[in-house]
Every structure is written in structure tokens, then in C-alpha cells.
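In what follows, a single structure is set out as C-alpha cells and then discussed.
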Amino acid sequence: MPGVQTLDHVVWGVPSIAPVAERLLADHGLLTLSGGVHPAWGTHNAIVPMSGAYLELVEVCDSEAPMVGFTQAVARAAADGGRLCLWCVRTDDIDAEAAPRGLHVTPGERDNPDGSIITWQVAGMAEACANPAVPFIIQWDDDGTMPGSLAVHHPAGEARVIDLDVQSDGPRSLRISCSPGTFTLP
């Protein structure tokens with residue numbers, strides 16, 4: 001039987017992280033935490049933790065990185081001025097989720113600003129990049145390092161994802177609830 005799935009994160013491909021992070025704080029009271037670099041993809045990220053799930057702001061930081069898969073999806077979204085481009089579900093048994101779908105499980109990692117490395121297993125990334133209406137699947141190697149579980153004290157109070165609108169061309173909007181009320185990104 002496949003493992004339990006829940007929304008892990010939504011990827012927002014942006015031309016530059018800093019202005020989007022500043023806008024999220026000024027307009028919505030959401031803090032953005034520095035993420036790190038995905039060396040294999042030539043991307044850099046920042047995290048907006050929201051009670052288990054998170055919004056991942058991603059920019060291409062290595063112009064020499066091959067423009068395929070994840071990097072290409074982020075670059076295309078950034079070229080459009082920034083938009084939600086991919087989404088991911090979390091499971092506690094990635095092999096059970098991947099096998100029936102014929103998906104290959106591969107390891108992933110990101111360098112953190114403190115020099116540590118966060119690792120995970122992912123399945124369906126190529127499929128999600130080709131058809132962003134479909135999520136990719138992740139299993140964190142250490143639940144304690146899962147970005148959505150990071151402690152953050154948003155000025156807007158506790159933030160939660162309450163809805164993700166996914167259309168045939170991928171994620172369109174993310175509805176978030178916090179102390180002042182609800183709002184929709186982007």
C-alpha cells in the first residue's frame with residue numbers, strides 16, 4: 001500500500017528572490033528564510049515555512065547550468081516575471097508511491113548557508129517538469145531538516161496553506177491563512 005501523501009511545497013520560480021521575499025513580508029507579514037544552493041540544478045532557494053508545508057522561492061544562480069528539468073521550469077517561470085511552476089507531495093514511503101507509477105527514485109541534496117547538507121529522495125521530477133499539473137514526490141531523509149517544519153515567527157502569525165489551485169498547465173495560485181485573514185499568491 002502506498003504511503004500517506006500530503007502537500008510538501010510549491011515552487012515559485014522568480015527572477016530574483018530578494019524582491020519577492022521583501023514583498024511577502026511587506027504585503028503579507030510572511031518571513032522568508034534563506035535556503036541554499038541546489039548544486040546539481042544551478043539554483044538557489046529561500047523558504048517560507050507554513051505549518052508543515054512551505055513555499056519555495058527559487059532562482060537560477062548558475063547561468064552555465066543545463067536548462068533542463070527543474071532548472072528549465074524555474075527559468076521559464078522567472079522569464080515570465082515569476083510564477084508558481086511546480087508542486088510536490090510528501091510521503092513516508094517513496095518506493096511504494098513510485099513503483100506502481102513506474103517512477104525512478106533519485107537522491108537530492110541542497111547546501112545550507114551554515115554548511116550543512118539537507119538530503120531527500122525524489123520521484124517523478126521529470127514527469128512533473130513535463131506536465132506541471134502532476135506533482136513530484138519527496139521523502140525527506142531526516143524529518144527534522146524538512147523545510148516546512150522550520151520554526152518561524154511570521155509577523156502575520158501562524159501561516160497555513162489552505163488551498164492550491166492546479167490547472168492543466170500547473171499550479172496557478174496558493175491560498176494562505178494567517179492571523180489577519182486569508183490571501184492568495186501570487
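Labeling convention for the C-alpha cells: chains A, B, ... as they appear, residues from 1 per chain, ligands from 1 in order of appearance.
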Inset, instruction - Excluding Gly69 of chain A and residues on its chain fewer than 5 positions from it, collect all residues at most 10 Å away from it, counting only C-alpha atoms, and give them as a PyMOL selection string. - result: chain A and resi 41+74-75+125-130
Legend entry - Close residues, segment 116-124 of chain A itself excluded, 9 Å, only C-alpha atoms, min 4 positions apart in chain, as a list in words: Ile94, Asp95, Glu97, Ala98, Arg101, Leu103, His104, Val105, Thr106, Pro107, Gly108, Glu109, Arg110, Asp111, Asn112, Ala128, Cys129, Val134, Pro135, Phe136, Ile137, Ile138, Gln139, Trp140, Asp141, Asp142, Thr145 and Met146 of chain A
Inset, instruction - Run DSSP on the backbone and grab whatever in chain A lands in strand (DSSP E); send it over as a ChimeraX atom specification. - result: /A:5-13,33-38,43-50,53-60,83-91,105-111,117-123,136-140,160-167,170-178,181-185
I need the chosen residues saved as a compact mmCIF listing (two decimals), in the first residue's frame, with C-alpha atoms.
```
# COMPACT_ATOMS: atom_id res chain seq x y z
CA GLN A 5 0.76 11.89 0.78
CA THR A 6 0.43 15.49 1.86
CA LEU A 7 1.37 18.78 0.24
CA ASP A 8 5.05 19.38 0.89
CA HIS A 9 5.77 22.53 -1.08
CA VAL A 10 5.02 24.73 -4.05
CA VAL A 11 7.85 26.08 -6.21
CA TRP A 12 7.69 29.75 -7.21
CA GLY A 13 10.26 30.39 -9.95
CA LEU A 33 14.28 32.04 5.41
CA SER A 34 17.50 31.65 3.47
CA GLY A 35 17.61 28.24 1.87
CA GLY A 36 20.70 27.34 -0.07
CA VAL A 37 22.02 26.07 -3.36
CA HIS A 38 20.91 23.02 -5.35
CA THR A 43 19.50 27.07 -8.50
CA HIS A 44 19.27 28.90 -5.19
CA ASN A 45 16.23 28.91 -2.94
CA ALA A 46 14.56 30.54 0.02
CA ILE A 47 11.83 29.03 2.18
CA VAL A 48 8.55 30.35 3.59
CA PRO A 49 7.56 27.69 6.17
CA MET A 50 3.82 27.32 6.76
CA ALA A 53 4.16 22.81 4.03
CA TYR A 54 6.21 25.62 2.51
CA LEU A 55 6.55 28.00 -0.38
CA GLU A 56 9.91 27.61 -2.11
CA LEU A 57 11.21 30.70 -3.90
CA VAL A 58 13.76 29.57 -6.49
CA GLU A 59 16.05 31.46 -8.84
CA VAL A 60 18.63 30.20 -11.31
CA ARG A 83 5.08 32.41 -11.13
CA LEU A 84 4.20 29.18 -9.40
CA CYS A 85 5.65 26.45 -11.57
CA LEU A 86 5.79 23.08 -9.76
CA TRP A 87 4.34 21.38 -6.73
CA CYS A 88 5.38 18.50 -4.56
CA VAL A 89 3.72 15.98 -2.27
CA ARG A 90 5.47 14.36 0.69
CA THR A 91 5.27 10.69 1.52
CA VAL A 105 13.63 7.37 -7.23
CA THR A 106 16.73 9.56 -7.10
CA PRO A 107 18.57 11.27 -4.25
CA GLY A 108 18.67 15.04 -3.94
CA GLU A 109 20.56 17.49 -1.79
CA ARG A 110 20.96 21.16 -1.03
CA ASP A 111 23.76 23.05 0.67
CA ILE A 117 23.56 19.49 3.70
CA ILE A 118 19.88 18.60 3.57
CA THR A 119 19.03 15.39 1.70
CA TRP A 120 15.94 13.71 0.30
CA GLN A 121 14.66 11.13 -2.18
CA VAL A 122 12.53 12.32 -5.07
CA ALA A 123 10.42 10.62 -7.72
CA PHE A 136 6.60 15.27 -7.96
CA ILE A 137 7.02 13.17 -4.80
CA ILE A 138 9.53 13.65 -1.99
CA GLN A 139 10.62 11.78 1.10
CA TRP A 140 12.96 13.63 3.45
CA ARG A 160 -1.12 27.67 6.72
CA VAL A 161 -1.71 26.61 3.14
CA ILE A 162 -5.45 26.16 2.77
CA ASP A 163 -5.74 25.63 -0.98
CA LEU A 164 -3.59 25.06 -4.03
CA ASP A 165 -5.28 25.67 -7.37
CA VAL A 166 -3.73 23.42 -10.01
CA GLN A 167 -4.85 23.68 -13.63
CA GLY A 170 0.36 23.60 -13.43
CA PRO A 171 -0.12 25.41 -10.14
CA ARG A 172 -1.89 28.76 -10.54
CA SER A 173 -2.48 30.09 -7.04
CA LEU A 174 -1.81 29.32 -3.41
CA ARG A 175 -4.32 30.36 -0.75
CA ILE A 176 -2.84 31.04 2.67
CA SER A 177 -4.44 31.66 6.04
CA CYS A 178 -2.83 33.66 8.85
CA GLY A 181 -7.11 36.62 7.31
CA THR A 182 -6.60 34.78 4.04
CA PHE A 183 -4.87 35.85 0.85
CA THR A 184 -3.89 34.31 -2.46
CA LEU A 185 -0.46 34.22 -4.09
```
Legend entry - Nearest to Pro155 of chain A by atom-to-atom distance, counting only C-alpha atoms, from A:Gly102, A:Pro180, A:Gly82, A:Gly42: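 Of the candidates, the smallest distance to Pro155 of chain A is held by A:Pro180.
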Legend entry - Long-range neighbours of Ser179 of chain A as a PyMOL selection string, 8 Å cut-off, only C-alpha atoms, 3 positions minimum in chain: chain A and resi 156-159
Legend entry - His154 of chain A surroundings by only C-alpha atoms, 9 Å radius, close-in-sequence under 4 positions cut, as a ChimeraX atom specification: /A:25,29-32,158-159
Limited to all heavy atoms, could you put the picked residues into a file as a PDB file, in the first residue's frame?
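The result, stored in again.pdb:
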```pdb
ATOM      1  N   LEU A  25       6.919  39.882   2.909  1.00  0.00           N
ATOM      2  CA  LEU A  25       6.946  40.440   4.260  1.00  0.00           C
ATOM      3  C   LEU A  25       6.109  41.710   4.345  1.00  0.00           C
ATOM      4  O   LEU A  25       5.257  41.847   5.234  1.00  0.00           O
ATOM      5  CB  LEU A  25       8.394  40.725   4.681  1.00  0.00           C
ATOM      6  CG  LEU A  25       8.566  41.300   6.081  1.00  0.00           C
ATOM      7  CD1 LEU A  25       7.981  40.376   7.144  1.00  0.00           C
ATOM      8  CD2 LEU A  25      10.044  41.557   6.351  1.00  0.00           C
ATOM      9  N   GLY A  29       3.164  39.861   5.715  1.00  0.00           N
ATOM     10  CA  GLY A  29       3.726  39.517   7.017  1.00  0.00           C
ATOM     11  C   GLY A  29       4.358  38.140   7.073  1.00  0.00           C
ATOM     12  O   GLY A  29       4.431  37.527   8.139  1.00  0.00           O
ATOM     13  N   LEU A  30       4.846  37.637   5.927  1.00  0.00           N
ATOM     14  CA  LEU A  30       5.494  36.331   5.884  1.00  0.00           C
ATOM     15  C   LEU A  30       7.007  36.488   5.777  1.00  0.00           C
ATOM     16  O   LEU A  30       7.503  37.184   4.886  1.00  0.00           O
ATOM     17  CB  LEU A  30       4.993  35.509   4.701  1.00  0.00           C
ATOM     18  CG  LEU A  30       3.510  35.133   4.704  1.00  0.00           C
ATOM     19  CD1 LEU A  30       3.173  34.342   3.439  1.00  0.00           C
ATOM     20  CD2 LEU A  30       3.151  34.344   5.950  1.00  0.00           C
ATOM     21  N   LEU A  31       7.716  35.839   6.680  1.00  0.00           N
ATOM     22  CA  LEU A  31       9.174  35.844   6.651  1.00  0.00           C
ATOM     23  C   LEU A  31       9.684  34.773   5.701  1.00  0.00           C
ATOM     24  O   LEU A  31       9.124  33.671   5.622  1.00  0.00           O
ATOM     25  CB  LEU A  31       9.740  35.567   8.041  1.00  0.00           C
ATOM     26  CG  LEU A  31       9.527  36.659   9.078  1.00  0.00           C
ATOM     27  CD1 LEU A  31       9.984  36.159  10.443  1.00  0.00           C
ATOM     28  CD2 LEU A  31      10.280  37.915   8.686  1.00  0.00           C
ATOM     29  N   THR A  32      10.741  35.088   4.995  1.00  0.00           N
ATOM     30  CA  THR A  32      11.401  34.150   4.098  1.00  0.00           C
ATOM     31  C   THR A  32      12.750  33.800   4.703  1.00  0.00           C
ATOM     32  O   THR A  32      13.518  34.687   5.058  1.00  0.00           O
ATOM     33  CB  THR A  32      11.597  34.794   2.712  1.00  0.00           C
ATOM     34  OG1 THR A  32      10.313  35.177   2.204  1.00  0.00           O
ATOM     35  CG2 THR A  32      12.250  33.843   1.749  1.00  0.00           C
ATOM     36  N   GLU A 158       0.816  32.520  12.710  1.00  0.00           N
ATOM     37  CA  GLU A 158       0.954  31.210  12.085  1.00  0.00           C
ATOM     38  C   GLU A 158       0.303  31.215  10.706  1.00  0.00           C
ATOM     39  O   GLU A 158      -0.831  31.646  10.547  1.00  0.00           O
ATOM     40  CB  GLU A 158       0.307  30.123  12.952  1.00  0.00           C
ATOM     41  CG  GLU A 158       0.456  28.747  12.371  1.00  0.00           C
ATOM     42  CD  GLU A 158      -0.196  27.663  13.210  1.00  0.00           C
ATOM     43  OE1 GLU A 158      -0.781  27.979  14.261  1.00  0.00           O
ATOM     44  OE2 GLU A 158      -0.127  26.500  12.790  1.00  0.00           O
ATOM     45  N   ALA A 159       1.039  30.734   9.732  1.00  0.00           N
ATOM     46  CA  ALA A 159       0.532  30.680   8.352  1.00  0.00           C
ATOM     47  C   ALA A 159       0.307  29.233   7.958  1.00  0.00           C
ATOM     48  O   ALA A 159       1.081  28.344   8.322  1.00  0.00           O
ATOM     49  CB  ALA A 159       1.527  31.337   7.398  1.00  0.00           C
TER      50      ALA A 159
END
```
Legend entry - helix (DSSP H, G or I) call set, DSSP backbone run, chain A, as a ChimeraX atom specification: /A:17-28,69-79,94-101,125-130,143-145,147-149
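Take atom CA of Ala65 of chain A and atom CA of Gly81 of chain A: the distance between them is 20.0 Å.
Going from atom CA of Glu22 of chain A to atom CA of Ser51 of chain A covers 20.6 Å.
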Legend entry - For atom CA of Arg76 of chain A and atom CA of Gly148 of chain A, the interatomic separation in Å (one decimal): 24.9 Å
Legend entry - Pick from A:Pro15, A:Thr71, A:Leu24, A:Gly52 nearest to Leu150 of chain A, counting only C-alpha atoms: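 So, comparing all the options, the nearest one is A:Gly52.
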